[in-house]
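Novice: So here's run_19.pdb, just PDB, C-alpha atoms:
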ATOM      1  CA  MET X   1      65.407 157.901  43.800
ATOM      2  CA  SER X   2      63.012 159.844  41.608
ATOM      3  CA  GLU X   3      62.845 160.429  37.871
ATOM      4  CA  ASN X   4      66.071 161.874  36.520
ATOM      5  CA  SER X   5      68.034 161.363  39.709
ATOM      6  CA  ILE X   6      71.750 160.656  39.873
ATOM      7  CA  ALA X   7      73.363 158.648  42.684
ATOM      8  CA  HIS X   8      77.132 159.046  42.511
ATOM      9  CA  GLY X   9      79.378 156.417  44.036
ATOM     10  CA  SER X  10      82.590 154.488  43.735
ATOM     11  CA  PHE X  11      84.082 151.175  44.765
ATOM     12  CA  THR X  12      87.444 149.426  44.516
ATOM     13  CA  ILE X  13      88.082 145.686  44.304
ATOM     14  CA  GLU X  14      91.530 144.129  44.607
ATOM     15  CA  GLN X  15      92.142 140.602  43.414
ATOM     16  CA  ILE X  16      95.256 138.434  43.318
ATOM     17  CA  TYR X  17      95.782 136.106  40.337
ATOM     18  CA  PRO X  18      98.457 133.391  39.979
ATOM     19  CA  ALA X  19      99.319 134.691  36.497
ATOM     20  CA  LYS X  20     101.778 137.257  35.223
ATOM     21  CA  PRO X  21     100.535 140.773  34.373
ATOM     22  CA  GLN X  22     101.122 140.041  30.665
ATOM     23  CA  LYS X  23      98.676 137.144  30.798
ATOM     24  CA  VAL X  24      96.051 139.075  32.755
ATOM     25  CA  PHE X  25      96.374 141.968  30.312
ATOM     26  CA  LYS X  26      95.928 139.602  27.376
ATOM     27  CA  ALA X  27      92.622 138.415  28.854
ATOM     28  CA  TYR X  28      91.458 142.024  28.463
ATOM     29  CA  SER X  29      93.016 142.839  25.085
ATOM     30  CA  ASP X  30      92.210 139.648  23.127
ATOM     31  CA  PRO X  31      88.570 139.823  21.902
ATOM     32  CA  VAL X  32      88.111 136.023  21.915
ATOM     33  CA  ILE X  33      89.376 135.592  25.473
ATOM     34  CA  LYS X  34      87.617 138.727  26.767
ATOM     35  CA  ARG X  35      84.286 137.612  25.342
ATOM     36  CA  ARG X  36      84.606 134.214  27.040
ATOM     37  CA  TRP X  37      84.998 135.457  30.616
ATOM     38  CA  PHE X  38      83.372 138.893  30.355
ATOM     39  CA  ALA X  39      80.263 138.239  28.277
ATOM     40  CA  GLU X  40      79.493 134.526  28.171
ATOM     41  CA  GLY X  41      78.262 132.370  31.030
ATOM     42  CA  GLU X  42      75.419 130.064  32.006
ATOM     43  CA  GLY X  43      72.062 131.762  31.511
ATOM     44  CA  TRP X  44      73.485 134.644  29.458
ATOM     45  CA  ASP X  45      72.410 134.960  25.829
ATOM     46  CA  ILE X  46      74.881 137.117  23.917
ATOM     47  CA  GLU X  47      73.301 138.814  20.899
ATOM     48  CA  THR X  48      76.383 140.839  19.941
ATOM     49  CA  TYR X  49      79.874 141.328  21.316
ATOM     50  CA  ASP X  50      82.564 143.532  19.746
ATOM     51  CA  LEU X  51      85.895 144.755  21.089
ATOM     52  CA  ASP X  52      88.232 147.197  19.347
ATOM     53  CA  PHE X  53      91.000 147.340  21.975
ATOM     54  CA  ARG X  54      92.845 150.607  21.354
ATOM     55  CA  VAL X  55      92.677 154.134  22.747
ATOM     56  CA  GLY X  56      89.517 155.639  21.258
ATOM     57  CA  GLY X  57      88.218 152.173  20.385
ATOM     58  CA  LYS X  58      84.842 150.783  21.460
ATOM     59  CA  GLU X  59      83.551 147.682  23.191
ATOM     60  CA  SER X  60      79.890 146.831  22.956
ATOM     61  CA  SER X  61      77.690 143.970  24.009
ATOM     62  CA  CYS X  62      73.948 143.276  23.777
ATOM     63  CA  PHE X  63      72.698 140.406  25.905
ATOM     64  CA  ARG X  64      69.848 138.973  27.953
ATOM     65  CA  PHE X  65      69.838 136.990  31.167
ATOM     66  CA  GLN X  66      67.507 133.997  31.031
ATOM     67  CA  GLY X  67      65.425 135.497  28.252
ATOM     68  CA  GLY X  68      64.824 138.774  30.128
ATOM     69  CA  ASP X  69      65.108 142.387  28.991
ATOM     70  CA  LEU X  70      67.752 143.418  26.490
ATOM     71  CA  ILE X  71      70.818 144.781  28.304
ATOM     72  CA  THR X  72      73.491 146.830  26.539
ATOM     73  CA  PHE X  73      77.048 147.669  27.580
ATOM     74  CA  ASP X  74      78.970 150.291  25.576
ATOM     75  CA  ALA X  75      82.494 151.344  26.459
ATOM     76  CA  THR X  76      85.092 153.724  25.049
ATOM     77  CA  TYR X  77      88.787 153.095  25.761
ATOM     78  CA  PHE X  78      90.434 156.232  27.173
ATOM     79  CA  ASP X  79      93.865 154.971  28.221
ATOM     80  CA  ILE X  80      95.896 151.801  27.747
ATOM     81  CA  VAL X  81      99.349 151.075  29.194
ATOM     82  CA  PRO X  82     100.317 147.562  28.037
ATOM     83  CA  ASP X  83     100.396 144.962  30.833
ATOM     84  CA  ASN X  84      99.585 147.642  33.393
ATOM     85  CA  ARG X  85      96.582 149.937  32.960
ATOM     86  CA  ILE X  86      93.230 150.151  31.168
ATOM     87  CA  ILE X  87      90.779 153.044  31.550
ATOM     88  CA  ILE X  88      87.304 152.965  30.044
ATOM     89  CA  ALA X  89      84.104 154.939  30.325
ATOM     90  CA  TYR X  90      80.942 152.932  29.775
ATOM     91  CA  ASP X  91      77.210 153.056  30.047
ATOM     92  CA  MET X  92      74.560 150.403  30.402
ATOM     93  CA  THR X  93      70.908 150.280  29.384
ATOM     94  CA  VAL X  94      68.144 147.852  30.342
ATOM     95  CA  ALA X  95      65.074 147.637  28.101
ATOM     96  CA  GLY X  96      66.157 150.824  26.366
ATOM     97  CA  ARG X  97      66.646 152.934  29.506
ATOM     98  CA  ARG X  98      70.087 154.109  30.538
ATOM     99  CA  ILE X  99      70.831 152.907  34.072
ATOM    100  CA  SER X 100      74.393 154.149  34.570
ATOM    101  CA  ALA X 101      77.479 155.863  33.212
ATOM    102  CA  SER X 102      80.828 154.981  34.771
ATOM    103  CA  LEU X 103      84.547 155.515  34.622
ATOM    104  CA  ALA X 104      86.388 152.244  35.291
ATOM    105  CA  THR X 105      90.124 151.874  35.819
ATOM    106  CA  THR X 106      91.928 148.526  35.897
ATOM    107  CA  GLU X 107      95.495 148.429  37.197
ATOM    108  CA  ILE X 108      97.587 145.267  36.952
ATOM    109  CA  VAL X 109     100.833 145.081  38.929
ATOM    110  CA  PRO X 110     103.257 142.236  39.710
ATOM    111  CA  GLU X 111     102.562 140.491  43.046
ATOM    112  CA  GLY X 112     104.996 137.701  43.939
ATOM    113  CA  SER X 113     104.973 135.298  40.985
ATOM    114  CA  GLY X 114     101.525 136.524  39.926
ATOM    115  CA  SER X 115      99.537 139.735  39.698
ATOM    116  CA  LYS X 116      97.414 142.056  41.737
ATOM    117  CA  LEU X 117      94.490 143.597  39.871
ATOM    118  CA  ILE X 118      92.964 146.793  41.259
ATOM    119  CA  PHE X 119      89.594 147.697  39.749
ATOM    120  CA  THR X 120      88.009 151.049  40.578
ATOM    121  CA  GLU X 121      84.634 152.197  39.321
ATOM    122  CA  GLN X 122      83.380 155.762  39.732
ATOM    123  CA  GLY X 123      79.815 155.908  38.560
ATOM    124  CA  ALA X 124      76.601 157.823  38.130
ATOM    125  CA  TYR X 125      73.661 155.485  38.749
ATOM    126  CA  LEU X 126      70.556 156.893  37.156
ATOM    127  CA  ASP X 127      66.906 157.367  38.041
ATOM    128  CA  GLY X 128      66.917 154.780  40.834
ATOM    129  CA  GLN X 129      67.285 151.978  38.308
ATOM    130  CA  ASP X 130      70.602 150.599  39.496
ATOM    131  CA  GLN X 131      72.568 150.630  42.711
ATOM    132  CA  ILE X 132      76.226 150.668  43.381
ATOM    133  CA  LEU X 133      76.064 147.549  45.590
ATOM    134  CA  GLN X 134      74.579 145.591  42.696
ATOM    135  CA  ARG X 135      77.304 146.863  40.372
ATOM    136  CA  GLU X 136      80.031 145.921  42.854
ATOM    137  CA  HIS X 137      78.520 142.459  43.245
ATOM    138  CA  GLY X 138      78.376 141.971  39.468
ATOM    139  CA  THR X 139      81.960 143.164  39.110
ATOM    140  CA  ARG X 140      83.176 140.686  41.750
ATOM    141  CA  GLU X 141      81.500 137.912  39.764
ATOM    142  CA  LEU X 142      83.288 139.062  36.591
ATOM    143  CA  LEU X 143      86.660 139.096  38.355
ATOM    144  CA  GLU X 144      85.986 135.546  39.577
ATOM    145  CA  ALA X 145      85.130 134.532  36.006
ATOM    146  CA  LEU X 146      88.498 136.018  34.994
ATOM    147  CA  ALA X 147      90.187 133.804  37.625
ATOM    148  CA  LYS X 148      88.577 130.731  36.031
ATOM    149  CA  GLU X 149      89.593 131.893  32.569
ATOM    150  CA  LEU X 150      93.199 132.345  33.666
ATOM    151  CA  ALA X 151      93.208 128.854  35.240
ATOM    152  CA  ARG X 152      91.677 127.345  32.102
ATOM    153  CA  GLU X 153      94.254 128.897  29.859
ATOM    154  CA  GLY X 154      96.855 127.117  31.983
TER     155      GLY X 154
ATOM    156  CA  MET B   1     103.047 160.026  42.259
ATOM    157  CA  SER B   2     105.237 157.762  40.163
ATOM    158  CA  GLU B   3     105.093 156.702  36.519
ATOM    159  CA  ASN B   4     101.781 155.093  35.642
ATOM    160  CA  SER B   5     100.058 156.047  38.870
ATOM    161  CA  ILE B   6      96.346 156.791  39.221
ATOM    162  CA  ALA B   7      94.930 159.158  41.833
ATOM    163  CA  HIS B   8      91.157 158.777  42.015
ATOM    164  CA  GLY B   9      89.026 161.595  43.323
ATOM    165  CA  SER B  10      85.792 163.497  43.003
ATOM    166  CA  PHE B  11      84.362 166.905  43.690
ATOM    167  CA  THR B  12      80.993 168.633  43.451
ATOM    168  CA  ILE B  13      80.316 172.311  42.796
ATOM    169  CA  GLU B  14      76.896 173.908  43.124
ATOM    170  CA  GLN B  15      76.180 177.253  41.524
ATOM    171  CA  ILE B  16      73.047 179.410  41.358
ATOM    172  CA  TYR B  17      72.295 181.311  38.138
ATOM    173  CA  PRO B  18      69.596 183.965  37.616
ATOM    174  CA  ALA B  19      68.490 182.211  34.409
ATOM    175  CA  LYS B  20      65.949 179.511  33.678
ATOM    176  CA  PRO B  21      67.139 175.912  33.224
ATOM    177  CA  GLN B  22      66.281 176.125  29.516
ATOM    178  CA  LYS B  23      68.712 179.005  29.061
ATOM    179  CA  VAL B  24      71.492 177.345  31.077
ATOM    180  CA  PHE B  25      71.008 174.146  29.085
ATOM    181  CA  LYS B  26      71.216 176.090  25.820
ATOM    182  CA  ALA B  27      74.611 177.465  26.873
ATOM    183  CA  TYR B  28      75.765 173.817  26.893
ATOM    184  CA  SER B  29      73.974 172.570  23.790
ATOM    185  CA  ASP B  30      74.615 175.465  21.349
ATOM    186  CA  PRO B  31      78.140 175.105  19.901
ATOM    187  CA  VAL B  32      78.580 178.866  19.368
ATOM    188  CA  ILE B  33      77.586 179.777  22.930
ATOM    189  CA  LYS B  34      79.461 176.852  24.488
ATOM    190  CA  ARG B  35      82.670 177.733  22.682
ATOM    191  CA  ARG B  36      82.431 181.312  23.924
ATOM    192  CA  TRP B  37      82.337 180.583  27.659
ATOM    193  CA  PHE B  38      83.945 177.135  27.754
ATOM    194  CA  ALA B  39      86.902 177.485  25.371
ATOM    195  CA  GLU B  40      87.638 181.137  24.720
ATOM    196  CA  GLY B  41      89.045 183.680  27.147
ATOM    197  CA  GLU B  42      91.947 186.058  27.609
ATOM    198  CA  GLY B  43      95.275 184.310  27.102
ATOM    199  CA  TRP B  44      93.738 181.177  25.566
ATOM    200  CA  ASP B  45      94.547 180.368  21.932
ATOM    201  CA  ILE B  46      91.936 177.992  20.522
ATOM    202  CA  GLU B  47      93.296 175.884  17.653
ATOM    203  CA  THR B  48      90.170 173.767  17.202
ATOM    204  CA  TYR B  49      86.779 173.487  18.877
ATOM    205  CA  ASP B  50      84.001 171.109  17.837
ATOM    206  CA  LEU B  51      80.785 170.085  19.560
ATOM    207  CA  ASP B  52      78.330 167.435  18.360
ATOM    208  CA  PHE B  53      75.766 167.678  21.169
ATOM    209  CA  ARG B  54      73.899 164.368  21.138
ATOM    210  CA  VAL B  55      74.193 161.062  22.971
ATOM    211  CA  GLY B  56      77.232 159.347  21.488
ATOM    212  CA  GLY B  57      78.466 162.651  20.038
ATOM    213  CA  LYS B  58      81.884 164.152  20.663
ATOM    214  CA  GLU B  59      83.287 167.458  21.856
ATOM    215  CA  SER B  60      86.923 168.245  21.251
ATOM    216  CA  SER B  61      89.176 171.214  21.721
ATOM    217  CA  CYS B  62      92.884 171.858  21.128
ATOM    218  CA  PHE B  63      94.281 174.984  22.755
ATOM    219  CA  ARG B  64      97.262 176.651  24.383
ATOM    220  CA  PHE B  65      97.502 179.045  27.288
ATOM    221  CA  GLN B  66      99.806 182.009  26.587
ATOM    222  CA  GLY B  67     101.675 180.118  23.878
ATOM    223  CA  GLY B  68     102.424 177.137  26.130
ATOM    224  CA  ASP B  69     102.083 173.396  25.536
ATOM    225  CA  LEU B  70      99.266 172.045  23.380
ATOM    226  CA  ILE B  71      96.352 170.956  25.580
ATOM    227  CA  THR B  72      93.567 168.703  24.301
ATOM    228  CA  PHE B  73      90.085 168.043  25.702
ATOM    229  CA  ASP B  74      88.042 165.166  24.225
ATOM    230  CA  ALA B  75      84.606 164.259  25.499
ATOM    231  CA  THR B  76      81.917 161.728  24.623
ATOM    232  CA  TYR B  77      78.291 162.483  25.517
ATOM    233  CA  PHE B  78      76.765 159.577  27.466
ATOM    234  CA  ASP B  79      73.421 160.976  28.580
ATOM    235  CA  ILE B  80      71.337 164.062  27.847
ATOM    236  CA  VAL B  81      68.009 164.991  29.426
ATOM    237  CA  PRO B  82      66.920 168.312  27.873
ATOM    238  CA  ASP B  83      67.042 171.278  30.283
ATOM    239  CA  ASN B  84      68.055 168.958  33.122
ATOM    240  CA  ARG B  85      71.036 166.612  32.790
ATOM    241  CA  ILE B  86      74.246 166.152  30.788
ATOM    242  CA  ILE B  87      76.730 163.322  31.372
ATOM    243  CA  ILE B  88      80.078 163.184  29.612
ATOM    244  CA  ALA B  89      83.299 161.239  29.924
ATOM    245  CA  TYR B  90      86.415 163.138  28.875
ATOM    246  CA  ASP B  91      90.141 163.028  28.886
ATOM    247  CA  MET B  92      92.808 165.693  28.681
ATOM    248  CA  THR B  93      96.363 165.657  27.394
ATOM    249  CA  VAL B  94      99.182 168.178  27.799
ATOM    250  CA  ALA B  95     102.098 168.087  25.344
ATOM    251  CA  GLY B  96     100.900 164.676  24.138
ATOM    252  CA  ARG B  97     100.649 163.035  27.562
ATOM    253  CA  ARG B  98      97.301 162.032  28.986
ATOM    254  CA  ILE B  99      96.800 163.681  32.373
ATOM    255  CA  SER B 100      93.309 162.547  33.285
ATOM    256  CA  ALA B 101      90.129 160.666  32.422
ATOM    257  CA  SER B 102      86.900 161.773  34.082
ATOM    258  CA  LEU B 103      83.173 161.252  34.289
ATOM    259  CA  ALA B 104      81.362 164.582  34.648
ATOM    260  CA  THR B 105      77.679 165.052  35.388
ATOM    261  CA  THR B 106      75.869 168.383  35.157
ATOM    262  CA  GLU B 107      72.408 168.675  36.686
ATOM    263  CA  ILE B 108      70.287 171.789  36.169
ATOM    264  CA  VAL B 109      67.203 172.265  38.336
ATOM    265  CA  PRO B 110      64.829 175.182  38.893
ATOM    266  CA  GLU B 111      65.746 177.362  41.912
ATOM    267  CA  GLY B 112      63.383 180.258  42.597
ATOM    268  CA  SER B 113      63.181 182.230  39.358
ATOM    269  CA  GLY B 114      66.548 180.867  38.213
ATOM    270  CA  SER B 115      68.518 177.636  38.276
ATOM    271  CA  LYS B 116      70.803 175.601  40.447
ATOM    272  CA  LEU B 117      73.589 173.811  38.583
ATOM    273  CA  ILE B 118      75.230 170.832  40.278
ATOM    274  CA  PHE B 119      78.481 169.713  38.662
ATOM    275  CA  THR B 120      80.149 166.497  39.819
ATOM    276  CA  GLU B 121      83.422 165.160  38.481
ATOM    277  CA  GLN B 122      84.714 161.684  39.285
ATOM    278  CA  GLY B 123      88.196 161.354  37.876
ATOM    279  CA  ALA B 124      91.372 159.379  37.474
ATOM    280  CA  TYR B 125      94.347 161.781  37.546
ATOM    281  CA  LEU B 126      97.322 160.139  35.925
ATOM    282  CA  ASP B 127     101.020 159.765  36.598
ATOM    283  CA  GLY B 128     101.251 162.690  38.999
ATOM    284  CA  GLN B 129     100.644 165.157  36.167
ATOM    285  CA  ASP B 130      97.431 166.691  37.429
ATOM    286  CA  GLN B 131      95.703 167.106  40.742
ATOM    287  CA  ILE B 132      92.103 167.196  41.681
ATOM    288  CA  LEU B 133      92.413 170.575  43.427
ATOM    289  CA  GLN B 134      93.680 172.129  40.195
ATOM    290  CA  ARG B 135      90.797 170.576  38.288
ATOM    291  CA  GLU B 136      88.256 171.828  40.801
ATOM    292  CA  HIS B 137      89.764 175.310  40.605
ATOM    293  CA  GLY B 138      89.629 175.284  36.788
ATOM    294  CA  THR B 139      86.029 174.075  36.865
ATOM    295  CA  ARG B 140      85.000 176.893  39.229
ATOM    296  CA  GLU B 141      86.513 179.361  36.774
ATOM    297  CA  LEU B 142      84.504 177.812  33.938
ATOM    298  CA  LEU B 143      81.271 178.034  35.913
ATOM    299  CA  GLU B 144      82.024 181.712  36.604
ATOM    300  CA  ALA B 145      82.599 182.211  32.869
ATOM    301  CA  LEU B 146      79.175 180.639  32.321
ATOM    302  CA  ALA B 147      77.673 183.182  34.753
ATOM    303  CA  LYS B 148      79.143 186.007  32.645
ATOM    304  CA  GLU B 149      77.887 184.403  29.445
ATOM    305  CA  LEU B 150      74.350 184.126  30.864
ATOM    306  CA  ALA B 151      74.465 187.793  31.940
ATOM    307  CA  ARG B 152      75.739 188.860  28.511
ATOM    308  CA  GLU B 153      73.001 187.013  26.699
ATOM    309  CA  GLY B 154      70.600 189.010  28.858
TER     310      GLY B 154
END
I'd like the structure from this file rewritten - as structure tokens, please.
Specialist:
Amino acid sequence: MSENSIAHGSFTIEQIYPAKPQKVFKAYSDPVIKRRWFAEGEGWDIETYDLDFRVGGKESSCFRFQGGDLITFDATYFDIVPDNRIIIAYDMTVAGRRISASLATTEIVPEGSGSKLIFTEQGAYLDGQDQILQREHGTRELLEALAKELAREG
Amino acid sequence: MSENSIAHGSFTIEQIYPAKPQKVFKAYSDPVIKRRWFAEGEGWDIETYDLDFRVGGKESSCFRFQGGDLITFDATYFDIVPDNRIIIAYDMTVAGRRISASLATTEIVPEGSGSKLIFTEQGAYLDGQDQILQREHGTRELLEALAKELAREG
């Protein structure tokens, strides 16, 4: 894990939600809802959050956790199939240093009366600054926040 | 391989070139040189080629092979370390249908009096329209075209 190293890796998380694919998809496509479960949360200070949900559009967020270093997330939307599929590429920086670049696919399919979400990240984790296990852990937390959002929306 | 399917996969290709990392990197960063080995070639009709080689910049190409369907390549540059590392995310379409979205990392390191290039693609191949073995084959051809370009430049 030296200077200018790349650790490649991937992980997949499947999650069942008691909500139709249309509703899960809306939690990704609506900037107000997406910000609530994806960016906000106790201890997180959001400096900026923008989502332009269309192929070629961007999503960007600048935030800090408990007053720590500035963290940035910048995504480009590569593919959108309504109610079914979202593909982004994104990078993250911490204190001005890029820590990763990733391709992330989200598939949403009907499962009983609800949905199954299949998230797959294929990433390049840079210069020993981030690790795939941390990213997977953070992603699981986000998908749990989405579960709460979907329950809240009733 | 049904409608709206995703096949995830990755491959790595290593190649040795008898040229310094600076020269290999220049073949990626100079739009005139890059176009020559990356886009042009016998049987390929290039309709457009543009490269804005900087972090956040775009590369795009529209082309046909032997008068066939229009193929597009659109990349965003996520990370650049001069003479050492290039990370892009890109997608491709054929006849207006997206066939893939990929993260591609290129590492260039000194090897004896030349360079070792390590190319890794992590991709989502869509709707049964493309396969990772085809992509790996096409990438090997590109890296051979780069070898010829480096020899030509002398």
Novice: When you draw a straight line from CA of Arg36 in chain X to CA of Glu149 in chain X, how long is it in Å?
Specialist: 7.8 Å
Novice: Should the cut-off be 9 Å, what would the residue list for chain B against chain X look like, counting only C-alpha atoms, as an mmCIF file with C-alpha atoms, in the frame of the given file?
Specialist:
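After the write, iface_22.cif holds the following:
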data_model
loop_
_atom_site.group_PDB
_atom_site.id
_atom_site.type_symbol
_atom_site.label_atom_id
_atom_site.label_comp_id
_atom_site.auth_asym_id
_atom_site.auth_seq_id
_atom_site.Cartn_x
_atom_site.Cartn_y
_atom_site.Cartn_z
ATOM 1 C CA ASN B 4 101.781 155.093 35.642
ATOM 2 C CA ILE B 6 96.346 156.791 39.221
ATOM 3 C CA HIS B 8 91.157 158.777 42.015
ATOM 4 C CA GLY B 9 89.026 161.595 43.323
ATOM 5 C CA SER B 10 85.792 163.497 43.003
ATOM 6 C CA THR B 76 81.917 161.728 24.623
ATOM 7 C CA PHE B 78 76.765 159.577 27.466
ATOM 8 C CA ASP B 79 73.421 160.976 28.580
ATOM 9 C CA VAL B 81 68.009 164.991 29.426
ATOM 10 C CA ASN B 84 68.055 168.958 33.122
ATOM 11 C CA ARG B 85 71.036 166.612 32.790
ATOM 12 C CA ILE B 87 76.730 163.322 31.372
ATOM 13 C CA ILE B 88 80.078 163.184 29.612
ATOM 14 C CA ALA B 89 83.299 161.239 29.924
ATOM 15 C CA TYR B 90 86.415 163.138 28.875
ATOM 16 C CA ASP B 91 90.141 163.028 28.886
ATOM 17 C CA ARG B 98 97.301 162.032 28.986
ATOM 18 C CA ALA B 101 90.129 160.666 32.422
ATOM 19 C CA SER B 102 86.900 161.773 34.082
ATOM 20 C CA LEU B 103 83.173 161.252 34.289
ATOM 21 C CA ALA B 104 81.362 164.582 34.648
ATOM 22 C CA THR B 105 77.679 165.052 35.388
ATOM 23 C CA GLU B 107 72.408 168.675 36.686
ATOM 24 C CA THR B 120 80.149 166.497 39.819
ATOM 25 C CA GLN B 122 84.714 161.684 39.285
ATOM 26 C CA GLY B 123 88.196 161.354 37.876
ATOM 27 C CA ALA B 124 91.372 159.379 37.474
#
Novice: May I ask which of the residues X:Lys116, X:Arg35, X:Arg97, X:Arg152 is the closest one to Lys20 in chain X, counting all atoms listed in the file?
Specialist: X:Lys116
Novice: Take the point (83.4, 180.5, 31.9) in the file's coordinates, draw a sphere of radius 10 Å around it, and report as a list in words every protein, DNA or RNA residue with an atom inside or on it, counting only C-alpha atoms.
Specialist: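 The distance filter leaves exactly Lys34, Arg35, Arg36, Trp37, Phe38, Ala39, Glu40, Gly41, Gly138, Thr139, Arg140, Glu141, Leu142, Leu143, Glu144, Ala145, Leu146, Ala147, Lys148, Glu149 and Leu150 of chain B.
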Novice: Find, counting only C-alpha atoms, the residue in X:Ile99, X:Pro21, X:Ser113, X:Ile108 that gets nearest to Gln129 in chain X.
Specialist: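 Residue with the minimum atom-to-atom distance to Gln129 in chain X: X:Ile99.
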Novice: Taking 2 positions as the minimum chain separation for residues in the same chain, which residues sit within 6 Å of Val94 in chain X when counting all atoms listed in the file? Answer as a VMD selection string.
Specialist: chain X and resid 70 to 71 96 to 97
Novice: Given the selection you just returned, output its residues as a file containing C-alpha atoms, formatted as a PDB file, keeping the file's coordinate frame.
Specialist:
ATOM      1  CA  LEU X  70      67.752 143.418  26.490  1.00  0.00           C
ATOM      2  CA  ILE X  71      70.818 144.781  28.304  1.00  0.00           C
ATOM      3  CA  GLY X  96      66.157 150.824  26.366  1.00  0.00           C
ATOM      4  CA  ARG X  97      66.646 152.934  29.506  1.00  0.00           C
TER       5      ARG X  97
END
Novice: Just give me the gap between CA of Arg135 in chain B and CA of Phe11 in chain B in Å, one decimal is fine.
Specialist: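 Computing it gives 9.2 Å between the two atoms.
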Novice: What does the PyMOL selection byres ((chain X and resi 58) around 6) select in this file, as a list in words?
Specialist: Asp52, Gly57, Glu59, Ala75 and Thr76 of chain X
Novice: Could you write out the selected residues, including C-alpha atoms, as a CSV table (one decimal), keeping the file's coordinate frame?
Specialist:
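Once everything was written out, this is out.csv:
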chain,number,residue,atom,x,y,z
X,52,ASP,CA,88.2,147.2,19.3
X,57,GLY,CA,88.2,152.2,20.4
X,59,GLU,CA,83.6,147.7,23.2
X,75,ALA,CA,82.5,151.3,26.5
X,76,THR,CA,85.1,153.7,25.0
Novice: With the file shown as input, list the residues that the PyMOL selection byres ((chain B and resi 53) around 10) selects, as a ChimeraX atom specification.
Specialist: /B:28-31,50-52,54-59,76-77,80,86
